[in-house]
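Text of my_file26.cif (mmCIF, C-alpha atoms) as supplied:
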```cif
data_data
loop_
_atom_site.group_PDB
_atom_site.id
_atom_site.type_symbol
_atom_site.label_atom_id
_atom_site.label_comp_id
_atom_site.auth_asym_id
_atom_site.auth_seq_id
_atom_site.Cartn_x
_atom_site.Cartn_y
_atom_site.Cartn_z
ATOM 1 C CA MET U 543 -3.487 9.471 -100.469
ATOM 2 C CA THR U 544 -7.230 8.796 -100.737
ATOM 3 C CA ASN U 545 -7.349 7.404 -97.187
ATOM 4 C CA ILE U 546 -5.803 10.615 -95.862
ATOM 5 C CA LEU U 547 -8.474 12.697 -97.603
ATOM 6 C CA ASN U 548 -11.237 10.455 -96.228
ATOM 7 C CA ALA U 549 -9.774 10.715 -92.722
ATOM 8 C CA ASP U 550 -9.619 14.507 -93.018
ATOM 9 C CA TYR U 551 -13.234 14.626 -94.227
ATOM 10 C CA SER U 552 -14.406 12.403 -91.341
ATOM 11 C CA ALA U 553 -12.588 14.588 -88.839
ATOM 12 C CA MET U 554 -14.180 17.666 -90.393
ATOM 13 C CA LEU U 555 -17.665 16.168 -89.964
ATOM 14 C CA PHE U 556 -17.102 15.491 -86.287
ATOM 15 C CA ASN U 557 -15.469 18.871 -85.707
ATOM 16 C CA ASN U 558 -18.553 20.548 -87.198
ATOM 17 C CA ARG U 559 -20.743 18.633 -84.734
ATOM 18 C CA ILE U 560 -23.158 17.410 -87.385
ATOM 19 C CA TRP U 561 -24.091 14.438 -85.234
ATOM 20 C CA ASP U 562 -24.927 16.572 -82.193
ATOM 21 C CA GLU U 563 -27.281 18.891 -84.083
ATOM 22 C CA TRP U 564 -30.422 16.797 -83.383
ATOM 23 C CA LEU U 565 -31.625 15.920 -79.874
ATOM 24 C CA SER U 566 -34.065 13.304 -78.641
ATOM 25 C CA THR U 567 -37.106 14.253 -76.562
ATOM 26 C CA LYS U 568 -35.292 13.333 -73.363
ATOM 27 C CA GLU U 569 -32.200 15.350 -74.329
ATOM 28 C CA ALA U 570 -34.346 18.339 -75.343
ATOM 29 C CA ALA U 571 -36.148 18.178 -72.004
ATOM 30 C CA ARG U 572 -32.840 18.148 -70.164
ATOM 31 C CA PHE U 573 -31.605 21.097 -72.244
ATOM 32 C CA LEU U 574 -34.750 23.141 -71.462
ATOM 33 C CA SER U 575 -34.893 21.973 -67.813
ATOM 34 C CA THR U 576 -38.332 20.431 -68.167
ATOM 35 C CA THR U 577 -39.890 16.992 -68.584
ATOM 36 C CA PRO U 578 -40.214 14.929 -71.767
ATOM 37 C CA ASN U 579 -44.001 15.111 -71.448
ATOM 38 C CA ALA U 580 -43.874 18.917 -71.303
ATOM 39 C CA ILE U 581 -41.778 18.852 -74.490
ATOM 40 C CA ARG U 582 -44.416 16.712 -76.246
ATOM 41 C CA ILE U 583 -47.150 19.123 -75.137
ATOM 42 C CA MET U 584 -45.152 22.087 -76.512
ATOM 43 C CA VAL U 585 -44.822 20.258 -79.841
ATOM 44 C CA CYS U 586 -48.597 19.657 -79.991
ATOM 45 C CA ARG U 587 -49.247 23.344 -79.226
ATOM 46 C CA GLY U 588 -46.755 24.468 -81.885
ATOM 47 C CA LYS U 589 -44.352 26.115 -79.417
ATOM 48 C CA ILE U 590 -41.420 23.916 -80.510
ATOM 49 C CA GLY U 591 -40.636 22.623 -83.976
ATOM 50 C CA ALA U 592 -39.817 18.921 -84.235
ATOM 51 C CA SER U 593 -39.065 16.385 -86.920
ATOM 52 C CA LYS U 594 -40.072 12.758 -86.840
ATOM 53 C CA LEU U 595 -37.554 10.013 -87.409
ATOM 54 C CA GLY U 596 -39.714 6.933 -87.588
ATOM 55 C CA ARG U 597 -41.907 7.168 -84.521
ATOM 56 C CA ARG U 598 -39.474 9.336 -82.574
ATOM 57 C CA LEU U 599 -39.299 13.108 -82.323
ATOM 58 C CA ARG U 600 -36.031 14.920 -82.954
ATOM 59 C CA PHE U 601 -35.264 18.537 -82.118
ATOM 60 C CA LYS U 602 -32.729 20.899 -83.655
ATOM 61 C CA LEU U 603 -30.388 22.255 -81.038
ATOM 62 C CA SER U 604 -30.406 25.679 -82.721
ATOM 63 C CA ASP U 605 -34.246 25.825 -82.488
ATOM 64 C CA LEU U 606 -34.107 25.052 -78.768
ATOM 65 C CA ARG U 607 -31.481 27.759 -78.235
ATOM 66 C CA ASP U 608 -33.656 30.243 -80.129
ATOM 67 C CA LEU U 609 -36.599 29.315 -77.920
ATOM 68 C CA LEU U 610 -34.552 30.040 -74.794
ATOM 69 C CA LEU U 611 -33.373 33.373 -76.192
ATOM 70 C CA LYS U 612 -36.922 34.357 -77.154
ATOM 71 C CA LYS U 613 -38.212 33.419 -73.705
ATOM 72 C CA GLY U 614 -35.405 35.442 -72.092
ATOM 73 C CA ASP U 615 -36.348 38.497 -74.181
ATOM 74 C CA GLN U 616 -39.986 38.290 -73.036
ATOM 75 C CA ASN U 617 -38.938 38.398 -69.379
ATOM 76 C CA ASP U 618 -37.008 41.666 -69.802
#
```

Would you write out, as structure tokens, the structure that this file holds?
Amino acid sequence: MTNILNADYSAMLFNNRIWDEWLSTKEAARFLSTTPNAIRIMVCRGKIGASKLGRRLRFKLSDLRDLLLKKGDQND
């Protein structure tokens, strides 16, 4: 019975997309239709929030979506 509960919990984690929540610099650049270097510049200027995992930057998908929505509101 314990294995069934563990399997259900693992499925729940993947269904909630926990693993897809954080993007690399390259993935963030692709999402925002820009270059990885432009992403790094935006981080230095404080336009995008990022977390460091070792020496690598990671970006929350929800933060990138918010950035797109905010930019869309400014153009209206």

Between CA of Arg587 in chain U and CA of Glu563 in chain U, what is the spacing in Å?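 Rounded to one decimal, the two atoms are 22.9 Å apart.
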
Separation of CA of Ser593 in chain U from CA of Thr567 in chain U, in Å and rounded to one decimal: 10.8 Å

Given the file shown, enumerate the residues that the PyMOL selection byres ((chain U and resi 601) around 10) captures and present them as a PyMOL selection string. chain U and resi 563-567+569-570+585+590-594+599-600+602-606

Proximity to Gly588 in chain U - best of U:Asp615, U:Leu609, U:Ser575, U:Lys568, only C-alpha atoms: U:Leu609

So how far away is CA of Leu574 in chain U from CA of Gly614 in chain U, in Å?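 Taking CA of Gly614 in chain U as the start and CA of Leu574 in chain U as the end point, the length is 12.3 Å.
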
Residue nearest Arg607 in chain U - candidates U:Met584, U:Asn579, U:Leu595, U:Phe573, atoms counted: all atoms listed in the file: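 Of the candidates, the smallest distance to Arg607 in chain U is held by U:Phe573.
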